[in-house]
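Structure, as structure tokens:
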Amino acid sequence: MTLFDWTFERNAGRDRCRSLSRVRPTLGGDRQSRVASMALAALLGFGSAAVPTLVAPPVAQAYTSRVNVFLVREQGESFDTLVRRSEIVARAAVQRSFDADLLMTDVIVTIIGDNQGIAVPILTVPVSRSEWQLRPDVTQWANYFEAARSLVDSPSAEPL
């Protein structure tokens, strides 16, 4: 049904346009069409806001890896040698952590020395991926625990 309707009358054998009259649809049809058009508008309006969130890929989340490595002190090994060995192991652990997961942005590697059951942290390496790519040197990023020297080098802690 159209909103406007041309009505024609025949008057003395000729056609003439009498009026352009508005056709009033029934109230039920008018409400139905309004409800339908409002529902369509709402669907399109809200749908355009919701579709990107439903279709978009999940946001990549960066995170930090924490790695603890225990090194057992060898027979007759000095503390300085244990520290050098700790640096080598820490470098490998940092590189392995970044290689294992591309989303990882930070790594914290802690090397713990074990000397006859006494476990003390030797060093920790907190480094970001960008820092590591610029300078992959453990000594640049490492924090050393000097208190470990006295615990590892004490006479009661000497290996048998």
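Starting from 1 in every chain, residues are counted up; chains themselves are A, B, ... following the order of the structure tokens, and ligands are numbered from 1 as listed.
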
For range 73-77 of chain A, list every protein, DNA or RNA residue within 12 Å, evaluated using only C-alpha atoms, and leave out those in the same chain fewer than 5 positions away; present the list as an mmCIF file with all heavy atoms, in the first residue's frame.
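Output file selection-v3.cif follows:
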data_model
loop_
_atom_site.group_PDB
_atom_site.id
_atom_site.type_symbol
_atom_site.label_atom_id
_atom_site.label_comp_id
_atom_site.auth_asym_id
_atom_site.auth_seq_id
_atom_site.Cartn_x
_atom_site.Cartn_y
_atom_site.Cartn_z
ATOM 1 N N LEU A 82 82.045 -20.147 39.535
ATOM 2 C CA LEU A 82 80.603 -20.397 39.624
ATOM 3 C C LEU A 82 79.825 -19.221 39.028
ATOM 4 O O LEU A 82 78.819 -19.418 38.323
ATOM 5 C CB LEU A 82 80.191 -20.645 41.074
ATOM 6 C CG LEU A 82 78.709 -20.913 41.336
ATOM 7 C CD1 LEU A 82 78.260 -22.190 40.633
ATOM 8 C CD2 LEU A 82 78.439 -21.002 42.823
ATOM 9 N N VAL A 83 80.291 -18.002 39.265
ATOM 10 C CA VAL A 83 79.632 -16.811 38.707
ATOM 11 C C VAL A 83 79.751 -16.812 37.186
ATOM 12 O O VAL A 83 78.774 -16.535 36.477
ATOM 13 C CB VAL A 83 80.223 -15.520 39.316
ATOM 14 C CG1 VAL A 83 79.737 -14.296 38.558
ATOM 15 C CG2 VAL A 83 79.861 -15.416 40.784
ATOM 16 N N ARG A 84 80.929 -17.128 36.656
ATOM 17 C CA ARG A 84 81.108 -17.173 35.182
ATOM 18 C C ARG A 84 80.212 -18.244 34.566
ATOM 19 O O ARG A 84 79.591 -18.028 33.539
ATOM 20 C CB ARG A 84 82.575 -17.442 34.805
ATOM 21 C CG ARG A 84 83.540 -16.407 35.233
ATOM 22 C CD ARG A 84 83.271 -15.032 34.592
ATOM 23 N NE ARG A 84 83.918 -14.009 35.397
ATOM 24 C CZ ARG A 84 83.274 -13.033 36.040
ATOM 25 N NH1 ARG A 84 81.976 -12.940 35.972
ATOM 26 N NH2 ARG A 84 83.910 -12.159 36.750
ATOM 27 N N ARG A 85 80.135 -19.381 35.201
ATOM 28 C CA ARG A 85 79.254 -20.450 34.707
ATOM 29 C C ARG A 85 77.799 -20.021 34.794
ATOM 30 O O ARG A 85 76.993 -20.301 33.895
ATOM 31 C CB ARG A 85 79.498 -21.724 35.518
ATOM 32 C CG ARG A 85 78.925 -22.966 34.883
ATOM 33 C CD ARG A 85 79.555 -24.229 35.433
ATOM 34 N NE ARG A 85 79.467 -24.363 36.869
ATOM 35 C CZ ARG A 85 78.649 -25.226 37.496
ATOM 36 N NH1 ARG A 85 77.848 -26.003 36.812
ATOM 37 N NH2 ARG A 85 78.654 -25.300 38.814
ATOM 38 N N SER A 86 77.454 -19.281 35.842
ATOM 39 C CA SER A 86 76.085 -18.753 35.998
ATOM 40 C C SER A 86 75.749 -17.786 34.873
ATOM 41 O O SER A 86 74.626 -17.783 34.357
ATOM 42 C CB SER A 86 75.942 -18.055 37.348
ATOM 43 O OG SER A 86 76.159 -18.940 38.400
ATOM 44 N N ILE A 111 69.712 -17.220 38.674
ATOM 45 C CA ILE A 111 70.593 -18.369 38.827
ATOM 46 C C ILE A 111 70.835 -18.566 40.314
ATOM 47 O O ILE A 111 71.256 -17.651 41.032
ATOM 48 C CB ILE A 111 71.944 -18.159 38.094
ATOM 49 C CG1 ILE A 111 71.702 -17.822 36.620
ATOM 50 C CG2 ILE A 111 72.829 -19.384 38.249
ATOM 51 C CD1 ILE A 111 71.050 -18.913 35.812
ATOM 52 N N ILE A 112 70.556 -19.783 40.779
ATOM 53 C CA ILE A 112 70.687 -20.116 42.192
ATOM 54 C C ILE A 112 71.788 -21.169 42.333
ATOM 55 O O ILE A 112 71.730 -22.227 41.704
ATOM 56 C CB ILE A 112 69.351 -20.639 42.751
ATOM 57 C CG1 ILE A 112 68.270 -19.557 42.574
ATOM 58 C CG2 ILE A 112 69.493 -21.053 44.212
ATOM 59 C CD1 ILE A 112 66.867 -20.036 42.754
ATOM 60 N N GLY A 113 72.780 -20.829 43.118
ATOM 61 C CA GLY A 113 73.883 -21.761 43.352
ATOM 62 C C GLY A 113 73.572 -22.666 44.521
ATOM 63 O O GLY A 113 73.089 -22.214 45.561
ATOM 64 N N ASP A 114 73.882 -23.946 44.347
ATOM 65 C CA ASP A 114 73.646 -24.929 45.400
ATOM 66 C C ASP A 114 74.994 -25.507 45.816
ATOM 67 O O ASP A 114 75.722 -26.066 44.996
ATOM 68 C CB ASP A 114 72.731 -26.030 44.878
ATOM 69 C CG ASP A 114 72.313 -27.013 45.954
ATOM 70 O OD1 ASP A 114 72.997 -27.084 47.003
ATOM 71 O OD2 ASP A 114 71.307 -27.695 45.760
ATOM 72 N N ASN A 115 75.304 -25.345 47.089
ATOM 73 C CA ASN A 115 76.568 -25.859 47.617
ATOM 74 C C ASN A 115 76.260 -26.687 48.855
ATOM 75 O O ASN A 115 75.990 -26.140 49.919
ATOM 76 C CB ASN A 115 77.507 -24.695 47.947
ATOM 77 C CG ASN A 115 78.878 -25.171 48.368
ATOM 78 O OD1 ASN A 115 79.307 -26.254 48.004
ATOM 79 N ND2 ASN A 115 79.558 -24.348 49.143
ATOM 80 N N GLN A 116 76.249 -27.972 48.704
ATOM 81 C CA GLN A 116 75.965 -28.925 49.777
ATOM 82 C C GLN A 116 74.668 -28.601 50.502
ATOM 83 O O GLN A 116 74.601 -28.518 51.721
ATOM 84 C CB GLN A 116 77.123 -28.967 50.776
ATOM 85 C CG GLN A 116 78.374 -29.566 50.202
ATOM 86 C CD GLN A 116 79.422 -29.786 51.277
ATOM 87 O OE1 GLN A 116 79.325 -29.273 52.387
ATOM 88 N NE2 GLN A 116 80.433 -30.574 50.932
ATOM 89 N N GLY A 117 73.633 -28.354 49.739
ATOM 90 C CA GLY A 117 72.310 -28.113 50.304
ATOM 91 C C GLY A 117 72.029 -26.666 50.647
ATOM 92 O O GLY A 117 70.910 -26.323 50.990
ATOM 93 N N ILE A 118 73.051 -25.816 50.564
ATOM 94 C CA ILE A 118 72.832 -24.388 50.787
ATOM 95 C C ILE A 118 72.583 -23.758 49.415
ATOM 96 O O ILE A 118 73.465 -23.770 48.554
ATOM 97 C CB ILE A 118 74.038 -23.710 51.471
ATOM 98 C CG1 ILE A 118 74.270 -24.326 52.845
ATOM 99 C CG2 ILE A 118 73.818 -22.212 51.587
ATOM 100 C CD1 ILE A 118 75.533 -23.841 53.518
ATOM 101 N N ALA A 119 71.388 -23.233 49.229
ATOM 102 C CA ALA A 119 71.018 -22.626 47.944
ATOM 103 C C ALA A 119 70.920 -21.121 48.122
ATOM 104 O O ALA A 119 70.175 -20.634 48.973
ATOM 105 C CB ALA A 119 69.699 -23.183 47.439
ATOM 106 N N VAL A 120 71.686 -20.388 47.316
ATOM 107 C CA VAL A 120 71.679 -18.923 47.375
ATOM 108 C C VAL A 120 71.621 -18.381 45.956
ATOM 109 O O VAL A 120 72.186 -18.960 45.031
ATOM 110 C CB VAL A 120 72.931 -18.375 48.103
ATOM 111 C CG1 VAL A 120 72.916 -18.736 49.566
ATOM 112 C CG2 VAL A 120 74.197 -18.835 47.443
ATOM 113 N N ILE A 122 72.762 -16.367 42.935
ATOM 114 C CA ILE A 122 74.062 -15.867 42.477
ATOM 115 C C ILE A 122 73.866 -14.576 41.694
ATOM 116 O O ILE A 122 74.550 -13.589 41.928
ATOM 117 C CB ILE A 122 74.782 -16.907 41.591
ATOM 118 C CG1 ILE A 122 74.924 -18.242 42.329
ATOM 119 C CG2 ILE A 122 76.118 -16.379 41.100
ATOM 120 C CD1 ILE A 122 75.828 -18.189 43.526
ATOM 121 N N VAL A 152 78.860 -19.153 50.021
ATOM 122 C CA VAL A 152 79.431 -20.235 49.218
ATOM 123 C C VAL A 152 80.885 -20.471 49.593
ATOM 124 O O VAL A 152 81.357 -21.609 49.625
ATOM 125 C CB VAL A 152 79.293 -19.913 47.711
ATOM 126 C CG1 VAL A 152 80.036 -20.928 46.873
ATOM 127 C CG2 VAL A 152 77.827 -19.883 47.320
ATOM 128 N N ASP A 153 81.639 -19.407 49.906
ATOM 129 C CA ASP A 153 83.059 -19.546 50.218
ATOM 130 C C ASP A 153 83.342 -19.810 51.692
ATOM 131 O O ASP A 153 84.489 -19.941 52.088
ATOM 132 C CB ASP A 153 83.820 -18.281 49.795
ATOM 133 C CG ASP A 153 84.107 -18.277 48.307
ATOM 134 O OD1 ASP A 153 83.999 -19.340 47.679
ATOM 135 O OD2 ASP A 153 84.431 -17.197 47.773
ATOM 136 N N ALA A 157 80.865 -24.418 54.229
ATOM 137 C CA ALA A 157 80.141 -24.717 53.005
ATOM 138 C C ALA A 157 81.034 -25.308 51.938
ATOM 139 O O ALA A 157 80.618 -25.515 50.811
ATOM 140 C CB ALA A 157 79.489 -23.445 52.463
ATOM 141 N N GLU A 158 82.298 -25.573 52.256
ATOM 142 C CA GLU A 158 83.203 -26.158 51.262
ATOM 143 C C GLU A 158 82.726 -27.561 50.879
ATOM 144 O O GLU A 158 82.327 -28.348 51.744
ATOM 145 C CB GLU A 158 84.629 -26.255 51.842
ATOM 146 C CG GLU A 158 85.343 -24.926 51.881
ATOM 147 C CD GLU A 158 85.546 -24.320 50.497
ATOM 148 O OE1 GLU A 158 85.880 -25.054 49.555
ATOM 149 O OE2 GLU A 158 85.371 -23.110 50.375
ATOM 150 N N PRO A 159 82.784 -27.862 49.590
ATOM 151 C CA PRO A 159 82.375 -29.212 49.173
ATOM 152 C C PRO A 159 83.356 -30.271 49.666
ATOM 153 O O PRO A 159 84.524 -29.985 49.877
ATOM 154 C CB PRO A 159 82.378 -29.123 47.647
ATOM 155 C CG PRO A 159 83.167 -27.916 47.303
ATOM 156 C CD PRO A 159 83.169 -27.022 48.490
ATOM 157 N N LEU A 160 82.882 -31.468 49.839
ATOM 158 C CA LEU A 160 83.732 -32.565 50.320
ATOM 159 C C LEU A 160 84.599 -33.120 49.250
ATOM 160 O O LEU A 160 84.459 -33.236 48.159
ATOM 161 C CB LEU A 160 82.865 -33.666 50.918
ATOM 162 C CG LEU A 160 82.069 -33.267 52.158
ATOM 163 C CD1 LEU A 160 81.140 -34.394 52.557
ATOM 164 C CD2 LEU A 160 83.007 -32.932 53.295
#

Task: Contact residues around Val94 in chain A with only C-alpha atoms at 12 Å, ignoring same-chain residues under 5 positions, as a ChimeraX atom specification - done: /A:64-69,87-89,99-101,104-111,124-129,131-133,136-138,141-142

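Using only C-alpha atoms, the nearest neighbour of Tyr63 in chain A within the list A:Ser130, A:Leu123, A:Tyr144, A:Leu103 is A:Leu103.
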
Open item on the list: For the alpha helix (DSSP H) assignment from backbone DSSP, which residues of range 40-151 of chain A qualify? Please present them as an MDAnalysis selection string.
Closed with: chainID A and resid 40:55 79:100 129:134 138:141 147:151

Task: For CA of Asp80 in chain A and CA of Glu146 in chain A, the interatomic separation in Å (one decimal) - done: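 Result for CA of Asp80 in chain A versus CA of Glu146 in chain A: 11.0 Å, one decimal.
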
TODO: Considering only C-alpha atoms, state which residue in the set A:Gln61, A:Ser33, A:Ser150, A:Ala41 is at the smallest distance from Ser78 in chain A.
DONE: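 Comparing A:Gln61, A:Ser33, A:Ser150, A:Ala41 against Ser78 in chain A, the winner is A:Ser150.
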